[in-house]
Amino acid sequence: MASRTVRLFGHTFAPTSSVWPLMLSLLLFSACQAPPLDTDEGIPWALAQHRRETISELNYRIDLDIPEERTAPIQGTTLIRLQWHDPHRQSLVVDFKDPAARVRSVTVNDSSVTWEPVNDHIVIPASDLVDGYNEVRLEYTAGDEALNRHDDFLYALFVPDRAHFSLPLFDQPNLKASVEWTLTVPEAWKAVTNGPSVERSVENGRQRVSYQATRPIPTYLFAFVAGRFMEEQELVDGRTMHMYHRETDTAKVARNRDAIFQLEGTALAWLEDYTGIDYPFQKFDFVLIPSFQYGGMEHPGQILYQQSSLMLDEAPTQNQILGRASVIAHETSHMWFGDLVTMNWFDDVWMKEVFASFMAAKIVHPSFPEVDHDLRFLMANQPAAYGVDRTEGANPIRQPLENLNEAGSLYGAIIYQKAPIVMRHLEARVGEETFRDGLREYLKAHEYGNATWTDLVGILDGLSPQDLKAWSHVWVEEPGRPTIRVTREGSDVVLAQEDPAGKGRVWPQMLHVRLGYPARDTLLSVELDAEPVRLAGVATPELQWVLPNGSGLEYGDFVLDPESLTYLSTHVDQLAPALVRGATWVTLWDQVLDQRLGPSVFLEEALKALPGEDNEQNIGRILASLSTTYWRLLSAQDRTVVAENVEDTVWSGVTSDRPTTARSAFFSTYRGIVLTGEGEARLRRLWSGAEKIPGLPISESDQTAMATQLALREVDGWKEILDRQESRITNPDRKARFEFVRPSLDADPAVRKAFFESLRDPVNRAREPWVLAGLRNLHHPLRAGSSLEFIEPALEMIEEIQRTGDIFFPGRWLDATLDGHNEAAAAETVRTFLDTHPDLPPRLRGKVLQSADMLWRSARIVNGWK
């Protein structure tokens with residue numbers, strides 16, 4: 001009989017019967033040992049899961065001493081109180097960036113401990129903790145990376161995983177906790193946090209303010225603001241609200257304040273009624289931040305907004321007015337969707353965003369009864385969502401996520417624009433009342449806790465006979481959109497969908513097909529699934545056009561039959577109602593980008609339609625498409641040929657008898673498309689004040705925009721124009737922005753290059769909106785030739801941009817770099833970069849593909865790039 005050997009723990013044995021019991025014991029001991037915790041950089045999923053299972057009843061007391069000097073360090077103390085039950089008694093891992101350099105001391109239950117810095121974690125031995133209640137106290141220097149420090153104000157912005165860039169904590173959404181802030185700041189400053197203030201003392205020019213413990217919230221919603229702010233207070237429906245801002249134009253504040261408070265009150269009342277749940281937090285304040293990175297951020301107790309989005313100029317466009325209402329409704333909706341009930345992990349971050357956008361559309365509706373809200377929903381969502389879904393970098397709504405340090409790359413138009421469309425489809429499938437009841441059950445079941453998309457689908461599945469899990473898979477878990485073709489076969493119209501990726505996927509949806517005849521049109525509703533749908537006998541000789549997305553809610557790349565394409569591309573102005581015209585413009589734009597319709601034909605129809613278009617949503621869409629066609633889809637020679645006609649048509653809209661909101665939209669477009677000598681001269685007169693536009697006030701921001709456009713065109717005296725404009729700006733925040741951006745406008749290529757080179761230093765990228773404005777100037781189509789050299793280094797920086805920037809910055813950096821170009825050389829530079837960087841993280845590669853899509857299409861259309 002052959003002898004047996006066994007390899008165990010790296011050694012080979014020929015065991016006797018007496019050795020087997022020992023070996024078995026060793027094997028059992030080994031099996032009982034949990035794998036070591038994953039303390040890689042970022043917040044790994046495995047680490048987060050372990051902490052979720054072993055930590056509960058979490059509370060933070062955070063005490064920060066904030067100096068007036070921007071560069072002086074902020075000293076902090078955090079007391080973490082928690083219940084800890086770990087059967088494997090593994091180390092307690094607290095997240096904090098650069099702990100070795102920043103942490104001064106760590107105590108557990110009043111005893112000093114020997115801790116270990118590992119990547120961006122503080123590792124505390126299990127031997128220093130007790131099973132049950134523990135207190136962990138940390139003294140440290142706070143990190144500036146997520147604190148957005150300016151000369152006389154700062155604000156924390158921690159989404160999605162940046163709280164540990166500045167503070168020690170458990171930085172994951174499914175460990176919700178109460179937080180008690182204490183801030184020490186200069187006496188002249190105001191300080192705002194998530195909770196109401198409960199105590200204030202002043203000593204030696206410094207004030208110390210303590211705040212009430214919040215209800216449970218995730219760390220990405222921890223927030224504070226401190227600095228020189230003005231304060232407005234209003235009692236709205238029995239609730240006291242405070243608005244903090246830095247707007248020095250008192251007339252602008254007076255003109256906007258009541259509308260802002262009223263919109264906040266309306267949103268809160270609507271949400272309380274719809275959800276059946278009272279506002280779930282202790283106070284409702286909001287802070288307006290100059291040059292804020294986002295439109296808003298939903299911190300409980302202190303929503304942050306971009307100041308310019310709420311403080312509108314004297315002659316705003318309708319889109320700006322609706323945009324203000326929408327962003328207020330969106331961020332207020334987050335108090336329930338995201339703050340009260342938080343996604344378990346950031347793979348479901350889209351859930352909080354989709355419901356905020358979805359609810360915002362409903363909330364805004366009654367406040368603007370004169371607006372076609374179905375058209376508004378179409379224009380706010382489909383164009384942006386299509387802009388990603390048509391690209392090689394299209395991503396699904398819901399994406400897997402192994403580490404929170406990649407969570408920022410999940411954000412974009414698919415979450416913010418496609419997902420609300422999908423929710424509208426879902427609501428239509430189950431019915432509005434069932435949908436609302438399901439959401440109420442979901443919120444109540446998970447209040448102050450966490451939930452997943454599966455939790456919600458399960459609730460709705462129980463209330464509806466629909467197979468929502470199967471429907472959800474293709475719409476939520478898969479990228480892209482269906483191609484839906486319209487053909488005529490004899491007297492029939494046939495609609496069929498296909499998967500552009502060739503994977504055989506099917507997107508079930510209801511189509512509202514509109515058939516146009518000389519004296520009427522007909523709307524037919526059909527469910528389009530895997531099999532083509534045949535509309536029998538409708539293609540009579542009088543049928544002029546077929547629009548498969550006749551309600552504006554349908555989603556796909558709609559390929560029109562030749563007869564419909566010919567008719568619609570030359571008769572949009574004759575269609576009614578406005579929603580049909582809007583859906584047609586969106587569909588025709590796809591035909592242009594897919595090279596089924598020439599840009600010159602589209603531009604001609606846009607110029608023909610604009611004078612008679614009376615719907616401001618359609619005006620905005622036509623003007624946006626016109627500008628893109630003008631700058632991206634025409635050669636410089638063709639642009640020069642049509643420039644006078646384009647300018648005259650748009651200027652006619654500026655001086656028309658339309659409402660001021662519409663005229664303002666035309667004026668914004670006009671100053672961006674001017675090329676003729678006459679147009680430049682008019683722009684100069686308007687900027688200087690030598691010419692007025694009757695009934696249309698020109699604001700400081702208008703003047704700055706005109707000065708920018710004149711400098712880009714390098715008109716005579718461009719430098720003096722910039723000098724004078726800089727002297728006109730009195731608000732310190734707007735002046736600082738102008739000074740930062742100004743080198744990007746210089747006529748000297750060397751100055752512009754120095755500006756770009758300065759952006760290699762992360763310190764100079766701290767004001768992200770300023771950086772993006774400068775990049776757009778560098779890469780303006782009029783300067784595209786000289787800015788080609790910046791494309792490759794901008795792409796080479798993208799991984800660092802993702803590491804150091806906020807969530808939208810990588811995509812916006814890419815857009816600002818590429819959006820001014822249509823040259824074959826630019827297109828080839830991006831393609832070569834992707835080919836030579838096979839190890840680029842997949843999501844970041846997707847962002848490059850998304851941003852490059854329009855460049856590649858325009859390079860093919862204009863320059864024949866392959």
# chains A, B, ... in the order shown; residues from 1 in each chain; ligands from 1

call {"tool": "residues_around", "arguments": {"residues": "Asp339 (chain A)", "least_positions_apart": "3", "cutoff": "7 Å", "atoms": "only C-alpha atoms", "output": "mmCIF file with C-alpha atoms, in the first residue's frame"}}
result
data_model
loop_
_atom_site.group_PDB
_atom_site.id
_atom_site.type_symbol
_atom_site.label_atom_id
_atom_site.label_comp_id
_atom_site.auth_asym_id
_atom_site.auth_seq_id
_atom_site.Cartn_x
_atom_site.Cartn_y
_atom_site.Cartn_z
ATOM 1 C CA ILE A 217 -27.674 60.597 8.531
ATOM 2 C CA PRO A 300 -30.192 68.005 6.019
ATOM 3 C CA HIS A 334 -33.767 64.613 -1.140
ATOM 4 C CA MET A 335 -34.836 65.237 2.459
ATOM 5 C CA TRP A 336 -37.050 62.181 2.009
ATOM 6 C CA THR A 342 -30.476 56.332 2.098
#

call {"tool": "residues_around", "arguments": {"residues": "Ile66 (chain A)", "least_positions_apart": "3", "cutoff": "9 Å", "atoms": "only C-alpha atoms", "output": "PyMOL selection string"}}
result
chain A and resi 69+72-76+183-186+226

call {"tool": "closest_residue", "arguments": {"among": "A:Glu180, A:Asp648, A:Asp853, A:Glu800", "to": "Asn822 (chain A)", "atoms": "only C-alpha atoms"}}
result
A:Asp853

call {"tool": "closest_residue", "arguments": {"among": "A:Ile415, A:Ala530, A:Val118, A:Leu553", "to": "Ala356 (chain A)", "atoms": "only C-alpha atoms"}}
result
A:Ile415

call {"tool": "residues_around", "arguments": {"residues": "Gly276 (chain A)", "least_positions_apart": "3", "cutoff": "7 Å", "atoms": "only C-alpha atoms", "output": "ChimeraX atom specification"}}
result
/A:272-273,440

call {"tool": "select_by_dssp", "arguments": {"residues": "region 637-810 of chain A", "states": "helix (DSSP H, G or I)", "output": "ChimeraX atom specification"}}
result
/A:637-654,660-673,677-688,700-712,718-728,732-745,749-758,762-765,768-778,781-796,798-804,809-810

call {"tool": "residues_around", "arguments": {"residues": "Ala636 (chain A)", "least_positions_apart": "5", "cutoff": "10 Å", "atoms": "only C-alpha atoms", "output": "PyMOL selection string"}}
result
chain A and resi 630-631+641+781-782+862

call {"tool": "residues_around", "arguments": {"residues": "region 788-799 of chain A", "least_positions_apart": "3", "cutoff": "9 Å", "atoms": "only C-alpha atoms", "output": "PDB file with all heavy atoms, in the first residue's frame"}}
result
ATOM      1  N   LYS A 753      -1.078  79.353 -22.720  1.00  0.00           N
ATOM      2  CA  LYS A 753      -0.381  78.111 -22.380  1.00  0.00           C
ATOM      3  C   LYS A 753       0.034  78.112 -20.914  1.00  0.00           C
ATOM      4  O   LYS A 753      -0.074  77.081 -20.228  1.00  0.00           O
ATOM      5  CB  LYS A 753       0.840  77.924 -23.273  1.00  0.00           C
ATOM      6  CG  LYS A 753       1.554  76.607 -23.026  1.00  0.00           C
ATOM      7  CD  LYS A 753       2.646  76.352 -24.051  1.00  0.00           C
ATOM      8  CE  LYS A 753       3.283  74.974 -23.834  1.00  0.00           C
ATOM      9  NZ  LYS A 753       4.313  74.676 -24.853  1.00  0.00           N
ATOM     10  N   PHE A 756      -2.877  77.145 -18.847  1.00  0.00           N
ATOM     11  CA  PHE A 756      -3.116  75.702 -18.835  1.00  0.00           C
ATOM     12  C   PHE A 756      -2.097  74.992 -17.958  1.00  0.00           C
ATOM     13  O   PHE A 756      -2.445  74.106 -17.167  1.00  0.00           O
ATOM     14  CB  PHE A 756      -3.077  75.130 -20.250  1.00  0.00           C
ATOM     15  CG  PHE A 756      -3.231  73.634 -20.274  1.00  0.00           C
ATOM     16  CD1 PHE A 756      -4.475  73.057 -20.156  1.00  0.00           C
ATOM     17  CD2 PHE A 756      -2.112  72.803 -20.356  1.00  0.00           C
ATOM     18  CE1 PHE A 756      -4.625  71.673 -20.132  1.00  0.00           C
ATOM     19  CE2 PHE A 756      -2.246  71.425 -20.341  1.00  0.00           C
ATOM     20  CZ  PHE A 756      -3.502  70.856 -20.235  1.00  0.00           C
ATOM     21  N   ARG A 760      -1.906  72.197 -13.763  1.00  0.00           N
ATOM     22  CA  ARG A 760      -1.279  70.941 -13.333  1.00  0.00           C
ATOM     23  C   ARG A 760      -1.172  70.870 -11.813  1.00  0.00           C
ATOM     24  O   ARG A 760      -1.111  69.774 -11.243  1.00  0.00           O
ATOM     25  CB  ARG A 760       0.103  70.795 -13.962  1.00  0.00           C
ATOM     26  CG  ARG A 760       0.079  70.627 -15.483  1.00  0.00           C
ATOM     27  CD  ARG A 760       1.485  70.409 -16.022  1.00  0.00           C
ATOM     28  NE  ARG A 760       1.527  70.323 -17.472  1.00  0.00           N
ATOM     29  CZ  ARG A 760       1.318  69.203 -18.167  1.00  0.00           C
ATOM     30  NH1 ARG A 760       1.025  68.083 -17.530  1.00  0.00           N
ATOM     31  NH2 ARG A 760       1.382  69.215 -19.483  1.00  0.00           N
ATOM     32  N   LEU A 778     -10.006  78.529 -23.540  1.00  0.00           N
ATOM     33  CA  LEU A 778      -8.839  78.015 -24.264  1.00  0.00           C
ATOM     34  C   LEU A 778      -9.254  77.251 -25.509  1.00  0.00           C
ATOM     35  O   LEU A 778      -8.603  77.350 -26.561  1.00  0.00           O
ATOM     36  CB  LEU A 778      -8.021  77.085 -23.365  1.00  0.00           C
ATOM     37  CG  LEU A 778      -7.260  77.671 -22.186  1.00  0.00           C
ATOM     38  CD1 LEU A 778      -6.473  76.568 -21.502  1.00  0.00           C
ATOM     39  CD2 LEU A 778      -6.326  78.784 -22.617  1.00  0.00           C
ATOM     40  N   HIS A 779     -10.333  76.461 -25.393  1.00  0.00           N
ATOM     41  CA  HIS A 779     -10.734  75.554 -26.470  1.00  0.00           C
ATOM     42  C   HIS A 779     -11.922  76.078 -27.264  1.00  0.00           C
ATOM     43  O   HIS A 779     -12.580  75.295 -27.948  1.00  0.00           O
ATOM     44  CB  HIS A 779     -11.065  74.185 -25.881  1.00  0.00           C
ATOM     45  CG  HIS A 779      -9.881  73.477 -25.304  1.00  0.00           C
ATOM     46  ND1 HIS A 779      -8.984  72.777 -26.079  1.00  0.00           N
ATOM     47  CD2 HIS A 779      -9.437  73.378 -24.021  1.00  0.00           C
ATOM     48  CE1 HIS A 779      -8.044  72.264 -25.304  1.00  0.00           C
ATOM     49  NE2 HIS A 779      -8.286  72.614 -24.051  1.00  0.00           N
ATOM     50  N   ARG A 783     -10.358  79.393 -31.337  1.00  0.00           N
ATOM     51  CA  ARG A 783      -8.968  79.166 -30.931  1.00  0.00           C
ATOM     52  C   ARG A 783      -8.603  77.687 -30.939  1.00  0.00           C
ATOM     53  O   ARG A 783      -7.610  77.278 -30.336  1.00  0.00           O
ATOM     54  CB  ARG A 783      -8.734  79.766 -29.541  1.00  0.00           C
ATOM     55  CG  ARG A 783      -8.764  81.297 -29.579  1.00  0.00           C
ATOM     56  CD  ARG A 783      -8.585  81.914 -28.225  1.00  0.00           C
ATOM     57  NE  ARG A 783      -8.345  83.352 -28.342  1.00  0.00           N
ATOM     58  CZ  ARG A 783      -8.265  84.182 -27.313  1.00  0.00           C
ATOM     59  NH1 ARG A 783      -8.407  83.707 -26.081  1.00  0.00           N
ATOM     60  NH2 ARG A 783      -8.041  85.464 -27.493  1.00  0.00           N
ATOM     61  N   ALA A 784      -9.411  76.891 -31.614  1.00  0.00           N
ATOM     62  CA  ALA A 784      -9.210  75.440 -31.589  1.00  0.00           C
ATOM     63  C   ALA A 784      -7.853  75.044 -32.147  1.00  0.00           C
ATOM     64  O   ALA A 784      -7.208  74.110 -31.639  1.00  0.00           O
ATOM     65  CB  ALA A 784     -10.326  74.749 -32.370  1.00  0.00           C
ATOM     66  N   GLY A 785      -7.402  75.731 -33.183  1.00  0.00           N
ATOM     67  CA  GLY A 785      -6.116  75.379 -33.777  1.00  0.00           C
ATOM     68  C   GLY A 785      -4.970  75.510 -32.801  1.00  0.00           C
ATOM     69  O   GLY A 785      -4.089  74.641 -32.719  1.00  0.00           O
ATOM     70  N   GLN A 802      -9.622  62.905 -11.395  1.00  0.00           N
ATOM     71  CA  GLN A 802     -10.626  62.104 -10.694  1.00  0.00           C
ATOM     72  C   GLN A 802     -10.275  61.938  -9.220  1.00  0.00           C
ATOM     73  O   GLN A 802     -11.159  61.992  -8.357  1.00  0.00           O
ATOM     74  CB  GLN A 802     -10.776  60.738 -11.360  1.00  0.00           C
ATOM     75  CG  GLN A 802     -11.891  59.891 -10.739  1.00  0.00           C
ATOM     76  CD  GLN A 802     -12.056  58.553 -11.403  1.00  0.00           C
ATOM     77  OE1 GLN A 802     -11.082  57.851 -11.645  1.00  0.00           O
ATOM     78  NE2 GLN A 802     -13.281  58.196 -11.728  1.00  0.00           N
ATOM     79  N   ARG A 803      -9.006  61.739  -8.919  1.00  0.00           N
ATOM     80  CA  ARG A 803      -8.598  61.531  -7.522  1.00  0.00           C
ATOM     81  C   ARG A 803      -8.792  62.783  -6.682  1.00  0.00           C
ATOM     82  O   ARG A 803      -9.169  62.705  -5.515  1.00  0.00           O
ATOM     83  CB  ARG A 803      -7.130  61.099  -7.447  1.00  0.00           C
ATOM     84  CG  ARG A 803      -6.858  59.659  -7.843  1.00  0.00           C
ATOM     85  CD  ARG A 803      -5.463  59.237  -7.405  1.00  0.00           C
ATOM     86  NE  ARG A 803      -4.422  60.087  -7.946  1.00  0.00           N
ATOM     87  CZ  ARG A 803      -3.836  59.900  -9.124  1.00  0.00           C
ATOM     88  NH1 ARG A 803      -4.190  58.876  -9.878  1.00  0.00           N
ATOM     89  NH2 ARG A 803      -2.885  60.703  -9.553  1.00  0.00           N
ATOM     90  N   THR A 804      -8.526  63.940  -7.266  1.00  0.00           N
ATOM     91  CA  THR A 804      -8.490  65.174  -6.482  1.00  0.00           C
ATOM     92  C   THR A 804      -9.733  66.026  -6.618  1.00  0.00           C
ATOM     93  O   THR A 804      -9.951  66.921  -5.802  1.00  0.00           O
ATOM     94  CB  THR A 804      -7.272  66.030  -6.901  1.00  0.00           C
ATOM     95  OG1 THR A 804      -7.389  66.361  -8.303  1.00  0.00           O
ATOM     96  CG2 THR A 804      -5.979  65.276  -6.674  1.00  0.00           C
ATOM     97  N   PRO A 810     -14.326  65.319 -13.424  1.00  0.00           N
ATOM     98  CA  PRO A 810     -13.662  64.624 -14.541  1.00  0.00           C
ATOM     99  C   PRO A 810     -14.434  64.752 -15.858  1.00  0.00           C
ATOM    100  O   PRO A 810     -13.846  65.076 -16.898  1.00  0.00           O
ATOM    101  CB  PRO A 810     -13.598  63.169 -14.061  1.00  0.00           C
ATOM    102  CG  PRO A 810     -13.604  63.254 -12.585  1.00  0.00           C
ATOM    103  CD  PRO A 810     -14.508  64.405 -12.262  1.00  0.00           C
ATOM    104  N   TRP A 813     -14.313  68.387 -17.033  1.00  0.00           N
ATOM    105  CA  TRP A 813     -12.952  68.691 -17.525  1.00  0.00           C
ATOM    106  C   TRP A 813     -12.804  68.208 -18.958  1.00  0.00           C
ATOM    107  O   TRP A 813     -12.299  68.923 -19.835  1.00  0.00           O
ATOM    108  CB  TRP A 813     -11.938  68.036 -16.596  1.00  0.00           C
ATOM    109  CG  TRP A 813     -10.504  68.028 -17.054  1.00  0.00           C
ATOM    110  CD1 TRP A 813      -9.914  67.123 -17.876  1.00  0.00           C
ATOM    111  CD2 TRP A 813      -9.474  68.973 -16.693  1.00  0.00           C
ATOM    112  NE1 TRP A 813      -8.582  67.426 -18.056  1.00  0.00           N
ATOM    113  CE2 TRP A 813      -8.293  68.553 -17.350  1.00  0.00           C
ATOM    114  CE3 TRP A 813      -9.435  70.098 -15.891  1.00  0.00           C
ATOM    115  CZ2 TRP A 813      -7.089  69.234 -17.206  1.00  0.00           C
ATOM    116  CZ3 TRP A 813      -8.231  70.780 -15.757  1.00  0.00           C
ATOM    117  CH2 TRP A 813      -7.083  70.357 -16.408  1.00  0.00           C
ATOM    118  N   LEU A 814     -13.253  66.981 -19.215  1.00  0.00           N
ATOM    119  CA  LEU A 814     -13.181  66.416 -20.568  1.00  0.00           C
ATOM    120  C   LEU A 814     -14.069  67.195 -21.540  1.00  0.00           C
ATOM    121  O   LEU A 814     -13.643  67.500 -22.665  1.00  0.00           O
ATOM    122  CB  LEU A 814     -13.583  64.951 -20.533  1.00  0.00           C
ATOM    123  CG  LEU A 814     -12.621  64.005 -19.812  1.00  0.00           C
ATOM    124  CD1 LEU A 814     -13.293  62.668 -19.535  1.00  0.00           C
ATOM    125  CD2 LEU A 814     -11.344  63.795 -20.618  1.00  0.00           C
ATOM    126  N   THR A 817     -12.606  70.491 -22.453  1.00  0.00           N
ATOM    127  CA  THR A 817     -11.422  70.324 -23.299  1.00  0.00           C
ATOM    128  C   THR A 817     -11.803  70.002 -24.741  1.00  0.00           C
ATOM    129  O   THR A 817     -11.163  70.487 -25.686  1.00  0.00           O
ATOM    130  CB  THR A 817     -10.524  69.209 -22.737  1.00  0.00           C
ATOM    131  OG1 THR A 817     -10.061  69.585 -21.434  1.00  0.00           O
ATOM    132  CG2 THR A 817      -9.326  68.939 -23.632  1.00  0.00           C
ATOM    133  N   LEU A 818     -12.823  69.210 -24.958  1.00  0.00           N
ATOM    134  CA  LEU A 818     -13.117  68.678 -26.292  1.00  0.00           C
ATOM    135  C   LEU A 818     -14.255  69.387 -27.012  1.00  0.00           C
ATOM    136  O   LEU A 818     -14.357  69.280 -28.239  1.00  0.00           O
ATOM    137  CB  LEU A 818     -13.447  67.183 -26.188  1.00  0.00           C
ATOM    138  CG  LEU A 818     -12.363  66.293 -25.563  1.00  0.00           C
ATOM    139  CD1 LEU A 818     -12.831  64.846 -25.503  1.00  0.00           C
ATOM    140  CD2 LEU A 818     -11.052  66.407 -26.335  1.00  0.00           C
ATOM    141  N   HIS A 821     -13.913  71.528 -30.407  1.00  0.00           N
ATOM    142  CA  HIS A 821     -13.138  70.972 -31.516  1.00  0.00           C
ATOM    143  C   HIS A 821     -13.990  70.132 -32.468  1.00  0.00           C
ATOM    144  O   HIS A 821     -14.940  69.467 -32.049  1.00  0.00           O
ATOM    145  CB  HIS A 821     -11.999  70.103 -30.971  1.00  0.00           C
ATOM    146  CG  HIS A 821     -10.982  70.872 -30.195  1.00  0.00           C
ATOM    147  ND1 HIS A 821      -9.918  71.498 -30.796  1.00  0.00           N
ATOM    148  CD2 HIS A 821     -10.877  71.126 -28.863  1.00  0.00           C
ATOM    149  CE1 HIS A 821      -9.186  72.109 -29.861  1.00  0.00           C
ATOM    150  NE2 HIS A 821      -9.753  71.891 -28.685  1.00  0.00           N
ATOM    151  N   GLU A 823     -11.795  69.016 -35.366  1.00  0.00           N
ATOM    152  CA  GLU A 823     -10.692  68.694 -36.269  1.00  0.00           C
ATOM    153  C   GLU A 823     -10.375  67.200 -36.216  1.00  0.00           C
ATOM    154  O   GLU A 823     -10.470  66.556 -35.170  1.00  0.00           O
ATOM    155  CB  GLU A 823      -9.426  69.476 -35.889  1.00  0.00           C
ATOM    156  CG  GLU A 823      -9.645  70.956 -35.662  1.00  0.00           C
ATOM    157  CD  GLU A 823     -10.023  71.277 -34.229  1.00  0.00           C
ATOM    158  OE1 GLU A 823     -10.255  70.324 -33.430  1.00  0.00           O
ATOM    159  OE2 GLU A 823     -10.078  72.463 -33.894  1.00  0.00           O
ATOM    160  N   ALA A 825      -7.475  66.020 -36.348  1.00  0.00           N
ATOM    161  CA  ALA A 825      -6.305  65.857 -35.472  1.00  0.00           C
ATOM    162  C   ALA A 825      -6.737  65.718 -34.019  1.00  0.00           C
ATOM    163  O   ALA A 825      -6.166  64.918 -33.257  1.00  0.00           O
ATOM    164  CB  ALA A 825      -5.367  67.049 -35.635  1.00  0.00           C
ATOM    165  N   ALA A 826      -7.747  66.479 -33.602  1.00  0.00           N
ATOM    166  CA  ALA A 826      -8.245  66.373 -32.231  1.00  0.00           C
ATOM    167  C   ALA A 826      -8.879  65.008 -32.005  1.00  0.00           C
ATOM    168  O   ALA A 826      -8.657  64.359 -30.973  1.00  0.00           O
ATOM    169  CB  ALA A 826      -9.242  67.484 -31.954  1.00  0.00           C
ATOM    170  N   THR A 829      -6.232  62.395 -31.693  1.00  0.00           N
ATOM    171  CA  THR A 829      -5.503  62.485 -30.425  1.00  0.00           C
ATOM    172  C   THR A 829      -6.212  61.700 -29.339  1.00  0.00           C
ATOM    173  O   THR A 829      -5.584  60.969 -28.561  1.00  0.00           O
ATOM    174  CB  THR A 829      -5.355  63.963 -30.000  1.00  0.00           C
ATOM    175  OG1 THR A 829      -4.562  64.657 -30.967  1.00  0.00           O
ATOM    176  CG2 THR A 829      -4.695  64.079 -28.638  1.00  0.00           C
ATOM    177  N   VAL A 830      -7.530  61.842 -29.270  1.00  0.00           N
ATOM    178  CA  VAL A 830      -8.288  61.126 -28.238  1.00  0.00           C
ATOM    179  C   VAL A 830      -8.255  59.620 -28.501  1.00  0.00           C
ATOM    180  O   VAL A 830      -8.068  58.819 -27.580  1.00  0.00           O
ATOM    181  CB  VAL A 830      -9.739  61.628 -28.171  1.00  0.00           C
ATOM    182  CG1 VAL A 830     -10.499  60.897 -27.063  1.00  0.00           C
ATOM    183  CG2 VAL A 830      -9.778  63.129 -27.925  1.00  0.00           C
ATOM    184  N   PHE A 833      -4.920  58.261 -27.533  1.00  0.00           N
ATOM    185  CA  PHE A 833      -4.800  58.206 -26.077  1.00  0.00           C
ATOM    186  C   PHE A 833      -5.465  56.949 -25.526  1.00  0.00           C
ATOM    187  O   PHE A 833      -4.886  56.233 -24.696  1.00  0.00           O
ATOM    188  CB  PHE A 833      -5.422  59.455 -25.449  1.00  0.00           C
ATOM    189  CG  PHE A 833      -5.559  59.377 -23.948  1.00  0.00           C
ATOM    190  CD1 PHE A 833      -4.472  59.620 -23.128  1.00  0.00           C
ATOM    191  CD2 PHE A 833      -6.777  59.052 -23.367  1.00  0.00           C
ATOM    192  CE1 PHE A 833      -4.595  59.537 -21.745  1.00  0.00           C
ATOM    193  CE2 PHE A 833      -6.907  58.962 -21.992  1.00  0.00           C
ATOM    194  CZ  PHE A 833      -5.813  59.205 -21.172  1.00  0.00           C
ATOM    195  N   LEU A 840      -6.434  52.273 -18.381  1.00  0.00           N
ATOM    196  CA  LEU A 840      -7.276  53.336 -17.853  1.00  0.00           C
ATOM    197  C   LEU A 840      -8.491  52.706 -17.169  1.00  0.00           C
ATOM    198  O   LEU A 840      -9.134  51.824 -17.749  1.00  0.00           O
ATOM    199  CB  LEU A 840      -7.732  54.253 -18.995  1.00  0.00           C
ATOM    200  CG  LEU A 840      -8.365  55.588 -18.611  1.00  0.00           C
ATOM    201  CD1 LEU A 840      -7.330  56.509 -17.969  1.00  0.00           C
ATOM    202  CD2 LEU A 840      -8.964  56.272 -19.854  1.00  0.00           C
ATOM    203  N   PRO A 841      -8.819  53.087 -15.935  1.00  0.00           N
ATOM    204  CA  PRO A 841      -9.966  52.481 -15.251  1.00  0.00           C
ATOM    205  C   PRO A 841     -11.213  52.508 -16.134  1.00  0.00           C
ATOM    206  O   PRO A 841     -11.481  53.509 -16.808  1.00  0.00           O
ATOM    207  CB  PRO A 841     -10.135  53.359 -14.007  1.00  0.00           C
ATOM    208  CG  PRO A 841      -8.766  53.896 -13.741  1.00  0.00           C
ATOM    209  CD  PRO A 841      -8.156  54.109 -15.092  1.00  0.00           C
ATOM    210  N   LEU A 844     -13.567  55.487 -16.026  1.00  0.00           N
ATOM    211  CA  LEU A 844     -12.935  56.697 -16.535  1.00  0.00           C
ATOM    212  C   LEU A 844     -12.812  56.618 -18.051  1.00  0.00           C
ATOM    213  O   LEU A 844     -12.992  57.622 -18.755  1.00  0.00           O
ATOM    214  CB  LEU A 844     -11.565  56.873 -15.886  1.00  0.00           C
ATOM    215  CG  LEU A 844     -11.003  58.293 -15.846  1.00  0.00           C
ATOM    216  CD1 LEU A 844     -12.015  59.260 -15.272  1.00  0.00           C
ATOM    217  CD2 LEU A 844      -9.729  58.323 -15.021  1.00  0.00           C
ATOM    218  N   VAL A 848     -14.289  59.303 -20.943  1.00  0.00           N
ATOM    219  CA  VAL A 848     -13.588  59.821 -22.124  1.00  0.00           C
ATOM    220  C   VAL A 848     -14.403  59.527 -23.381  1.00  0.00           C
ATOM    221  O   VAL A 848     -14.570  60.390 -24.254  1.00  0.00           O
ATOM    222  CB  VAL A 848     -12.175  59.222 -22.233  1.00  0.00           C
ATOM    223  CG1 VAL A 848     -11.484  59.701 -23.503  1.00  0.00           C
ATOM    224  CG2 VAL A 848     -11.329  59.581 -21.009  1.00  0.00           C
TER     225      VAL A 848
END

call {"tool": "residues_around", "arguments": {"residues": "region 488-499 of chain A", "least_positions_apart": "2", "cutoff": "8 Å", "atoms": "only C-alpha atoms", "output": "list in words"}}
result
Arg481, Pro482, Thr483, Ile484, Arg485, Val486, Ala501, Gly502, Lys503, Gly504, Arg505, Val506, Leu528, Asp529, Ala530, Glu531, Pro532, Val533, Arg534, Leu535, Ala536, Gly537, Val538, Ala539, Thr540 and Asp561 of chain A
